[in-house]
file data.cif (mmCIF, C-alpha atoms and all ligand atoms)
data_final
loop_
_atom_site.label_atom_id
_atom_site.label_comp_id
_atom_site.auth_asym_id
_atom_site.auth_seq_id
_atom_site.Cartn_x
_atom_site.Cartn_y
_atom_site.Cartn_z
CA MET A 1 83.66 84.44 85.49
CA THR A 2 87.33 85.31 85.15
CA HIS A 3 88.19 86.72 81.75
CA LYS A 4 91.50 86.14 80.06
CA ASN A 5 94.29 88.53 81.13
CA TRP A 6 92.13 89.97 83.93
CA TRP A 7 95.28 91.26 85.63
CA LEU A 8 95.69 93.91 82.92
CA ASP A 9 92.39 95.63 83.86
CA ALA A 10 92.78 99.15 85.22
CA THR A 11 93.40 99.63 88.94
CA ALA A 12 91.11 101.97 90.90
CA PRO A 13 92.06 105.67 90.88
CA LEU A 14 93.34 107.46 93.98
CA SER A 15 91.76 110.78 94.96
CA ALA A 16 94.11 113.75 94.52
CA SER A 17 91.58 116.08 96.19
CA ALA A 18 91.25 113.85 99.29
CA ARG A 19 95.06 113.70 99.44
CA GLY A 20 95.22 117.51 99.28
CA ASN A 21 92.53 117.91 101.96
CA ALA A 22 94.24 115.41 104.26
CA GLN A 23 97.57 117.23 103.79
CA ALA A 24 95.87 120.57 104.57
CA HIS A 25 94.32 119.00 107.69
CA GLN A 26 97.71 117.66 108.85
CA ASP A 27 99.19 121.12 108.43
CA GLN A 28 96.56 122.57 110.83
CA LEU A 29 97.26 120.10 113.65
CA THR A 30 99.08 121.27 116.80
CA LYS A 31 102.63 120.30 115.83
CA PRO A 32 105.34 121.71 113.62
CA GLN A 33 104.54 120.66 110.03
CA GLY A 34 106.04 117.29 109.16
CA SER A 35 107.04 116.52 112.75
CA LEU A 36 105.09 113.24 112.79
CA GLY A 37 107.22 112.01 109.92
CA ARG A 38 105.93 108.90 108.17
CA LEU A 39 102.80 108.84 110.32
CA GLU A 40 101.65 111.88 108.36
CA SER A 41 102.27 110.40 104.92
CA ILE A 42 100.55 107.12 105.82
CA ALA A 43 97.35 108.91 106.88
CA ILE A 44 97.52 111.08 103.75
CA GLU A 45 98.03 108.10 101.41
CA LEU A 46 95.13 106.23 103.03
CA ALA A 47 93.02 109.38 102.59
CA ALA A 48 93.77 109.33 98.85
CA MET A 49 92.95 105.59 98.70
CA GLN A 50 89.66 105.94 100.63
CA ASN A 51 88.66 109.25 99.01
CA THR A 52 88.10 110.98 102.35
CA SER A 53 90.18 113.45 104.35
CA LYS A 54 89.64 111.33 107.52
CA PRO A 55 90.48 107.72 106.63
CA GLN A 56 89.68 104.82 108.92
CA ILE A 57 90.37 101.08 108.89
CA LYS A 58 87.51 99.05 110.31
CA GLN A 59 87.95 95.59 108.82
CA PRO A 60 91.57 94.52 108.34
CA HIS A 61 92.04 91.06 106.88
CA MET A 62 95.22 88.97 106.70
CA LEU A 63 95.32 86.29 103.99
CA VAL A 64 98.18 83.83 104.45
CA PHE A 65 98.86 81.74 101.35
CA ALA A 66 100.91 78.56 101.61
CA GLY A 67 102.73 76.34 99.15
CA ASP A 68 105.57 73.84 99.00
CA HIS A 69 108.66 74.06 96.83
CA GLY A 70 110.28 71.14 95.00
CA VAL A 71 113.67 72.87 95.05
CA VAL A 72 114.02 71.97 98.76
CA THR A 73 115.36 68.57 97.66
CA GLN A 74 118.56 70.51 96.78
CA GLY A 75 119.09 71.42 100.46
CA VAL A 76 118.30 75.14 100.08
CA SER A 77 116.39 75.51 103.39
CA ALA A 78 117.51 75.02 106.99
CA PHE A 79 114.18 73.33 107.81
CA PRO A 80 112.37 70.26 106.44
CA GLN A 81 109.38 70.57 104.12
CA SER A 82 107.06 69.12 106.79
CA VAL A 83 107.31 72.48 108.62
CA THR A 84 105.03 74.11 106.01
CA ILE A 85 102.00 72.04 107.03
CA ALA A 86 102.95 72.01 110.72
CA MET A 87 102.96 75.81 110.66
CA LEU A 88 99.59 75.92 108.90
CA ALA A 89 98.18 74.04 111.89
CA ASN A 90 99.98 76.50 114.18
CA PHE A 91 98.34 79.45 112.32
CA VAL A 92 94.81 78.15 112.79
CA ASN A 93 95.49 76.99 116.36
CA GLY A 94 96.63 80.52 117.25
CA GLY A 95 100.24 79.72 118.20
CA ALA A 96 102.13 81.35 115.31
CA ALA A 97 103.52 84.90 115.59
CA VAL A 98 101.10 86.20 112.96
CA ALA A 99 98.15 84.54 114.71
CA THR A 100 98.92 86.10 118.10
CA SER A 101 99.35 89.56 116.60
CA CYS A 102 96.16 89.30 114.50
CA LYS A 103 94.14 88.09 117.46
CA GLN A 104 95.28 90.93 119.71
CA GLN A 105 94.45 93.59 117.10
CA GLY A 106 91.17 92.22 115.74
CA ILE A 107 92.64 91.34 112.34
CA GLN A 108 90.71 88.58 110.58
CA LEU A 109 93.11 85.77 109.64
CA SER A 110 92.47 83.37 106.75
CA VAL A 111 94.86 80.61 105.69
CA ILE A 112 94.78 79.28 102.14
CA ASN A 113 96.67 76.19 101.03
CA CYS A 114 97.67 76.60 97.36
CA GLY A 115 99.49 73.24 97.21
CA THR A 116 101.58 71.34 99.73
CA ALA A 117 103.58 68.17 99.22
CA ALA A 118 101.42 66.23 101.68
CA ASN A 119 97.69 66.37 102.10
CA CYS A 120 96.51 68.48 105.06
CA GLU A 121 92.75 68.40 104.57
CA HIS A 122 92.40 67.34 108.23
CA LEU A 123 93.06 71.02 109.03
CA THR A 124 89.45 72.00 108.57
CA GLN A 125 89.87 75.72 109.36
CA ILE A 126 92.06 76.14 106.27
CA THR A 127 90.79 76.87 102.78
CA HIS A 128 92.14 74.04 100.62
CA LYS A 129 92.64 74.86 96.94
CA PRO A 130 95.66 72.74 95.96
CA ILE A 131 96.78 73.39 92.40
CA MET A 132 99.52 70.75 92.56
CA ALA A 133 101.35 68.95 95.39
CA GLY A 134 103.97 71.67 95.67
CA THR A 135 106.03 72.97 92.76
CA HIS A 136 108.57 70.91 90.82
CA ASP A 137 112.30 71.33 91.52
CA PHE A 138 113.03 74.42 89.42
CA SER A 139 116.76 73.69 89.33
CA GLU A 140 115.81 70.87 86.93
CA GLN A 141 112.53 71.88 85.27
CA ALA A 142 109.82 74.55 85.33
CA ALA A 143 108.35 74.97 88.82
CA MET A 144 104.88 74.75 87.28
CA SER A 145 103.16 74.85 83.91
CA ASN A 146 101.75 78.12 82.59
CA GLU A 147 98.26 76.70 83.23
CA GLN A 148 99.13 76.01 86.86
CA ALA A 149 100.56 79.54 87.20
CA LEU A 150 97.29 80.96 85.83
CA ALA A 151 95.29 78.79 88.26
CA ALA A 152 97.37 80.09 91.18
CA LEU A 153 96.74 83.66 90.00
CA SER A 154 92.98 82.95 89.82
CA LEU A 155 93.08 81.60 93.37
CA GLY A 156 94.65 84.80 94.69
CA LYS A 157 92.13 86.89 92.74
CA GLU A 158 89.20 84.93 94.19
CA GLN A 159 90.48 85.25 97.74
CA ALA A 160 90.95 89.04 97.41
CA GLU A 161 87.39 89.25 96.05
CA ARG A 162 86.10 87.18 98.96
CA ALA A 163 87.80 89.47 101.49
CA HIS A 164 86.37 92.51 99.67
CA GLN A 165 82.85 91.03 99.68
CA GLN A 166 83.17 90.46 103.42
CA GLY A 167 83.89 94.18 103.90
CA CYS A 168 87.69 94.20 104.14
CA ASP A 169 89.09 97.75 103.94
CA PHE A 170 92.79 96.93 104.47
CA LEU A 171 94.30 93.78 103.01
CA MET A 172 97.46 92.20 104.38
CA LEU A 173 99.14 89.29 102.64
CA GLY A 174 101.37 86.71 104.25
CA GLU A 175 103.01 83.47 103.11
CA MET A 176 104.27 80.15 104.40
CA GLY A 177 106.41 77.80 102.37
CA ILE A 178 109.67 76.09 103.20
CA GLY A 179 112.00 76.93 100.29
CA ASN A 180 110.17 80.05 99.21
CA THR A 181 113.11 82.44 99.71
CA SER A 182 114.77 80.51 96.86
CA ALA A 183 111.76 81.03 94.61
CA ALA A 184 111.51 84.71 95.60
CA SER A 185 115.22 85.29 94.90
CA CYS A 186 115.15 83.60 91.48
CA LEU A 187 111.91 85.29 90.41
CA SER A 188 113.26 88.70 91.47
CA ALA A 189 116.55 88.08 89.64
CA LEU A 190 114.64 87.37 86.41
CA LEU A 191 112.26 90.33 86.84
CA LEU A 192 115.03 92.79 87.70
CA GLU A 193 117.73 91.25 85.51
CA GLN A 194 120.06 91.19 88.51
CA ASP A 195 122.54 88.59 89.67
CA VAL A 196 120.62 86.09 91.83
CA SER A 197 123.49 85.63 94.28
CA ASP A 198 123.13 89.32 95.26
CA LEU A 199 119.47 88.62 96.07
CA THR A 200 120.05 85.40 98.01
CA GLY A 201 120.26 85.20 101.79
CA PRO A 202 119.92 82.73 104.68
CA GLY A 203 116.11 82.44 104.66
CA THR A 204 115.32 80.23 107.65
CA GLY A 205 119.03 80.13 108.57
CA VAL A 206 121.19 78.64 105.79
CA GLU A 207 124.77 79.70 106.54
CA GLY A 208 128.40 79.16 105.55
CA ALA A 209 129.07 76.45 102.95
CA ALA A 210 125.34 75.67 102.71
CA LEU A 211 124.61 79.30 101.77
CA THR A 212 127.36 79.21 99.13
CA ARG A 213 125.74 76.03 97.75
CA LYS A 214 122.27 77.69 97.81
CA LYS A 215 123.68 80.56 95.74
CA GLU A 216 125.24 78.10 93.25
CA ILE A 217 121.97 76.19 92.84
CA LEU A 218 119.97 79.38 92.37
CA THR A 219 122.52 80.77 89.90
CA ALA A 220 122.23 77.58 87.82
CA SER A 221 118.42 77.67 88.11
CA VAL A 222 118.22 81.23 86.82
CA ALA A 223 120.64 80.41 83.98
CA ARG A 224 118.40 77.47 83.00
CA ALA A 225 115.19 79.50 83.21
CA LYS A 226 116.49 82.66 81.54
CA LEU A 227 116.59 80.99 78.12
CA LEU A 228 112.86 80.19 78.39
CA VAL A 229 111.52 83.41 79.90
CA LYS A 230 109.98 86.04 77.65
CA ASN A 231 107.69 87.80 80.14
CA PRO A 232 106.89 87.98 83.89
CA LEU A 233 104.38 85.11 83.68
CA ASP A 234 107.04 82.84 82.18
CA ALA A 235 109.36 83.80 85.05
CA LEU A 236 106.64 82.89 87.56
CA ALA A 237 106.06 79.49 85.95
CA GLN A 238 109.79 78.74 85.68
CA VAL A 239 111.01 79.64 89.18
CA GLY A 240 108.07 80.98 91.20
CA GLY A 241 105.79 79.49 93.79
CA LEU A 242 102.08 78.82 94.05
CA GLU A 243 101.69 81.09 97.09
CA ILE A 244 103.81 83.80 95.44
CA ALA A 245 101.50 83.73 92.39
CA ALA A 246 98.38 83.90 94.56
CA ILE A 247 99.76 86.82 96.57
CA ALA A 248 100.72 88.76 93.42
CA ALA A 249 97.20 88.23 92.09
CA ALA A 250 95.65 89.32 95.38
CA TYR A 251 97.62 92.61 95.21
CA ILE A 252 96.41 93.15 91.65
CA ARG A 253 92.76 92.37 92.35
CA ALA A 254 92.76 94.44 95.57
CA SER A 255 94.16 97.39 93.56
CA GLN A 256 91.40 96.98 90.96
CA LEU A 257 88.79 96.92 93.77
CA GLY A 258 90.34 99.90 95.61
CA MET A 259 91.48 97.96 98.70
CA PRO A 260 94.73 99.26 100.24
CA CYS A 261 97.35 96.50 100.59
CA PHE A 262 100.07 96.09 103.20
CA VAL A 263 103.22 94.29 102.00
CA ASP A 264 105.11 92.15 104.55
CA GLY A 265 108.69 90.90 104.00
CA PHE A 266 111.02 89.53 101.34
CA ILE A 267 108.74 86.93 99.73
CA THR A 268 105.63 89.11 99.64
CA THR A 269 107.72 91.97 98.20
CA ALA A 270 108.88 89.66 95.39
CA ALA A 271 105.18 88.91 94.78
CA ALA A 272 104.47 92.67 94.83
CA LEU A 273 107.23 93.19 92.26
CA LEU A 274 105.61 90.58 90.01
CA ALA A 275 102.23 92.27 90.48
CA VAL A 276 103.65 95.68 89.53
CA LYS A 277 105.46 94.20 86.50
CA LEU A 278 102.13 92.70 85.37
CA ASN A 279 100.15 95.89 86.09
CA PRO A 280 102.07 99.07 87.06
CA GLY A 281 98.89 100.67 88.49
CA VAL A 282 99.14 98.27 91.44
CA ARG A 283 102.08 100.20 92.91
CA GLN A 284 99.97 103.09 94.21
CA TRP A 285 97.80 100.71 96.30
CA LEU A 286 100.77 99.22 98.17
CA LEU A 287 102.03 100.31 101.58
CA PHE A 288 105.17 98.61 102.89
CA ALA A 289 105.20 97.33 106.47
CA HIS A 290 108.78 96.51 107.32
CA HIS A 291 112.31 96.08 106.04
CA SER A 292 113.18 92.41 106.35
CA ALA A 293 116.64 91.34 107.49
CA GLU A 294 116.71 88.94 104.51
CA CYS A 295 119.51 90.01 102.18
CA GLY A 296 117.86 90.98 98.90
CA HIS A 297 114.90 92.81 100.38
CA SER A 298 116.67 96.19 100.03
CA ALA A 299 117.12 95.68 96.28
CA LEU A 300 113.43 94.81 95.84
CA LEU A 301 112.33 97.80 97.91
CA SER A 302 114.46 100.18 95.87
CA ALA A 303 113.18 98.68 92.60
CA LEU A 304 109.66 99.44 93.87
CA ASP A 305 110.70 102.85 95.24
CA ALA A 306 109.30 101.71 98.59
CA GLU A 307 110.16 102.85 102.10
CA PRO A 308 108.77 100.47 104.71
CA LEU A 309 107.46 101.78 108.03
CA LEU A 310 109.50 99.67 110.41
CA GLN A 311 112.92 98.05 110.56
CA LEU A 312 112.98 95.58 113.43
CA GLY A 313 115.40 92.98 112.08
CA MET A 314 112.48 90.60 111.47
CA ARG A 315 112.79 87.83 108.85
CA LEU A 316 109.96 85.51 109.75
CA GLY A 317 107.44 86.05 106.96
CA GLU A 318 103.89 84.63 107.40
CA GLY A 319 102.58 88.25 107.46
CA SER A 320 104.06 88.83 110.92
CA GLY A 321 105.81 92.10 110.00
CA ALA A 322 102.61 93.47 108.46
CA ALA A 323 100.59 92.50 111.54
CA VAL A 324 103.12 94.24 113.81
CA ALA A 325 103.28 97.39 111.64
CA TYR A 326 99.47 97.51 111.46
CA ALA A 327 99.52 98.94 114.99
CA THR A 328 101.56 101.88 113.65
CA VAL A 329 99.08 102.44 110.81
CA GLN A 330 96.24 102.61 113.35
CA GLN A 331 98.29 105.07 115.41
CA ALA A 332 98.79 107.25 112.32
CA LEU A 333 95.03 107.32 111.71
CA THR A 334 94.12 107.93 115.37
CA ILE A 335 96.47 110.90 115.53
CA HIS A 336 95.37 112.29 112.15
CA ASN A 337 91.67 112.03 113.02
CA ASN A 338 91.74 113.13 116.66
CA MET A 339 94.43 115.78 117.19
CA ALA A 340 93.28 119.33 117.83
CA THR A 341 94.01 122.02 115.26
CA PHE A 342 95.88 125.20 116.21
CA ALA A 343 92.54 127.09 116.11
CA GLN A 344 90.68 124.53 118.26
CA ALA A 345 93.39 124.42 120.92
CA ALA A 346 94.14 128.17 120.74
CA VAL A 347 97.81 127.44 120.19
CA GLU A 348 99.71 130.13 118.34
CA ASN A 349 100.87 128.96 114.90
CA LYS A 350 104.35 129.63 113.56
CA ALA A 351 105.48 133.22 113.14
O1 LIG B 1 109.46 87.39 104.52
C1 LIG B 1 110.65 87.37 104.89
O2 LIG B 1 111.31 88.41 104.98
C2 LIG B 1 111.26 86.02 105.20
C3 LIG B 1 112.63 85.90 105.26
C4 LIG B 1 113.16 84.64 105.55
C5 LIG B 1 112.34 83.53 105.74
N1 LIG B 1 110.98 83.69 105.67
C6 LIG B 1 110.09 82.52 105.91
O3 LIG B 1 110.85 81.32 105.93
C7 LIG B 1 110.40 80.39 104.98
C8 LIG B 1 111.31 80.38 103.80
O4 LIG B 1 112.66 80.22 104.17
P1 LIG B 1 113.53 79.10 103.43
O5 LIG B 1 114.86 79.14 104.11
O6 LIG B 1 112.83 77.79 103.70
O7 LIG B 1 113.57 79.48 102.00
C9 LIG B 1 109.01 80.84 104.56
O8 LIG B 1 108.03 80.11 105.25
C10 LIG B 1 108.97 82.33 104.90
O9 LIG B 1 107.74 82.68 105.47
C11 LIG B 1 110.44 84.90 105.41
C1 LIG B 2 109.37 77.51 112.40
C2 LIG B 2 109.13 78.35 111.16
C3 LIG B 2 108.08 79.29 111.17
C4 LIG B 2 107.85 80.07 110.01
N1 LIG B 2 106.96 81.01 109.71
C5 LIG B 2 107.15 81.42 108.47
N2 LIG B 2 108.18 80.75 107.98
C6 LIG B 2 108.64 79.89 108.89
C7 LIG B 2 109.68 78.96 108.87
C8 LIG B 2 109.91 78.20 110.01
C9 LIG B 2 111.04 77.21 110.00
#

call {"tool": "encode", "arguments": {"input": "data.cif", "output": "structure tokens"}}
result
Amino acid sequence: MTHKNWWLDATAPLSASARGNAQAHQDQLTKPQGSLGRLESIAIELAAMQNTSKPQIKQPHMLVFAGDHGVVTQGVSAFPQSVTIAMLANFVNGGAAVATSCKQQGIQLSVINCGTAANCEHLTQITHKPIMAGTHDFSEQAAMSNEQALAALSLGKEQAERAHQQGCDFLMLGEMGIGNTSAASCLSALLLEQDVSDLTGPGTGVEGAALTRKKEILTASVARAKLLVKNPLDALAQVGGLEIAAIAAAYIRASQLGMPCFVDGFITTAAALLAVKLNPGVRQWLLFAHHSAECGHSALLSALDAEPLLQLGMRLGEGSGAAVAYATVQQALTIHNNMATFAQAAVENKA
């Protein structure tokens, strides 16, 4: 049974001794110290998370949360709302970028519908937990009630727990929702007290006059919401999204259960920011996959003091950047666990 304010519960501790042992091991491997760059720090951070000097990932799981956004009626996306459900079908049929990458690497993929405008229960491979039929248009009213925001958080918590029960040892979160860059930009602006136009970009491809209009709508939305927001949960209810809430909750619950989390692009980073604002202990359980091309991601990454592994100019979302960067995480662990030491290989160490 979920208790009230469960998100405030302590996150799991990381092991300083395992971190130290993993660092000492890295320093014995046949290479100049530090020459594997970020591959070294990834293996060392996973060592601290798993409390072992030789970390391994055996059961990666990608949870893709989906939701629709009422603000799309203002013309803030380049694509119609129907694409959300069409892409959900594409995820489970294996045709989406994230699905191909997960399949190739043995990553379990689960798709959870938190609330779309139209019913899609015919997609039987999806977990259907609709909280409402998409959010309300937040340029005019709160995206959702506080009760609906809490229900979306509970959904994310439950799904992280389910993955954990199934043996997941590396959790990746993805999202799908036409209009959700608008929600992510507005939520981030409220959480960081920054100008929303500096955090607003093309999303699926809004350009020129339409991008100027998107910025105007989001500026007005934040001005409306600001007067009503006293804490991060209020910000979520005013301008957030159902999938963003669920993802934030999944990061929090995973951190409480000691499951390392891999953050994808702009929208999932906004969810990560919300999670860290709700419970700062979450930050140490987050690894960042890639730097999205979406304008605004840099500001969120610096607010979280995060340095993603890859920068490929991706701006797709759906967990695709995390799935691609997962290959690099596995490379980091393979190298860390299998390289010879200077002593084993009889290579002379530095003078
Ligand atoms: O995660 C990102 O970096 C990212 C950047 C731009 C767009 N997206 C995806 O595009 C959709 C949102 O874009 P939009 O223009 O409809 O707000 C949503 O389904 C996201 O998965 C994702
Ligand atoms: C086609 C398409 C695929 C996506 N995947 C994630 N967001 C998306 C948005 C669109 C428009």

call {"tool": "atom_distance", "arguments": {"input": "data.cif", "atom1": "atom CA of Ala346 of chain A", "atom2": "atom CA of Gln23 of chain A"}}
result
20.5 Å

call {"tool": "closest_residue", "arguments": {"input": "data.cif", "among": "A:Val239, A:Leu218, A:Ala48, A:Val98", "to": "ligand LIG 2 (chain B)", "atoms": "all atoms listed in the file"}}
result
A:Val98

call {"tool": "residues_near_ligand", "arguments": {"input": "data.cif", "ligand": "ligand LIG 2 (chain B)", "cutoff": "6 Å", "atoms": "all atoms listed in the file", "output": "JSON, numbers by chain"}}
result
{"A": [79, 176, 204, 316, 317, 318]}

call {"tool": "closest_residue", "arguments": {"input": "data.cif", "among": "A:Met339, A:Ala327, A:Ala289, A:Ala99", "to": "Met314 of chain A", "atoms": "only C-alpha atoms"}}
result
A:Ala289

call {"tool": "residues_near_ligand", "arguments": {"input": "data.cif", "ligand": "ligand LIG 1 (chain B)", "cutoff": "9 Å", "atoms": "all atoms listed in the file", "output": "VMD selection string"}}
result
chain A and resid 66 to 67 69 72 76 to 81 83 to 84 87 174 to 184 201 to 206 264 to 269 290 to 295 297 314 to 321

call {"tool": "atom_distance", "arguments": {"input": "data.cif", "atom1": "atom CA of Gly106 of chain A", "atom2": "atom CA of Lys129 of chain A"}}
result
25.6 Å

call {"tool": "residues_around", "arguments": {"input": "data.cif", "residues": "Glu348 of chain A", "least_positions_apart": "2", "cutoff": "12 Å", "atoms": "only C-alpha atoms", "output": "PyMOL selection string"}}
result
chain A and resi 28-32+341-346+350-351

call {"tool": "residues_around", "arguments": {"input": "data.cif", "residues": "segment 140-150 of chain A", "least_positions_apart": "3", "cutoff": "7 Å", "atoms": "only C-alpha atoms", "output": "list of chain:residue names"}}
result
A:Ile131, A:Thr135, A:His136, A:Asp137, A:Leu153, A:Ser154, A:Leu236, A:Ala237, A:Gln238, A:Val239, A:Gly240, A:Ala245

call {"tool": "closest_residue", "arguments": {"input": "data.cif", "among": "A:Asp9, A:Glu45, A:Asp195, A:Glu307", "to": "Ala332 of chain A", "atoms": "all atoms listed in the file"}}
result
A:Glu45

call {"tool": "closest_residue", "arguments": {"input": "data.cif", "among": "A:Ile112, A:Met259, A:Cys186, A:Leu211", "to": "Ala223 of chain A", "atoms": "only C-alpha atoms"}}
result
A:Cys186

call {"tool": "atom_distance", "arguments": {"input": "data.cif", "atom1": "atom CA of Cys168 of chain A", "atom2": "atom CA of Met132 of chain A"}}
result
28.7 Å

call {"tool": "residues_around", "arguments": {"input": "data.cif", "residues": "Ile247 of chain A", "least_positions_apart": "2", "cutoff": "9 Å", "atoms": "only C-alpha atoms", "output": "list in words"}}
result
Leu63, Val64, Phe65, Ala152, Leu153, Gly156, Lys157, Leu173, Gly174, Glu175, Leu242, Glu243, Ile244, Ala245, Ala249, Ala250, Tyr251, Ile252, Thr268, Ala271, Ala272 and Ala275 of chain A

call {"tool": "closest_residue", "arguments": {"input": "data.cif", "among": "A:Glu207, A:Leu192, A:Phe91, A:Leu155", "to": "Gln125 of chain A", "atoms": "only C-alpha atoms"}}
result
A:Phe91

call {"tool": "closest_residue", "arguments": {"input": "data.cif", "among": "A:Ile107, A:Leu187, A:Val222, A:Leu14", "to": "Lys58 of chain A", "atoms": "only C-alpha atoms"}}
result
A:Ile107
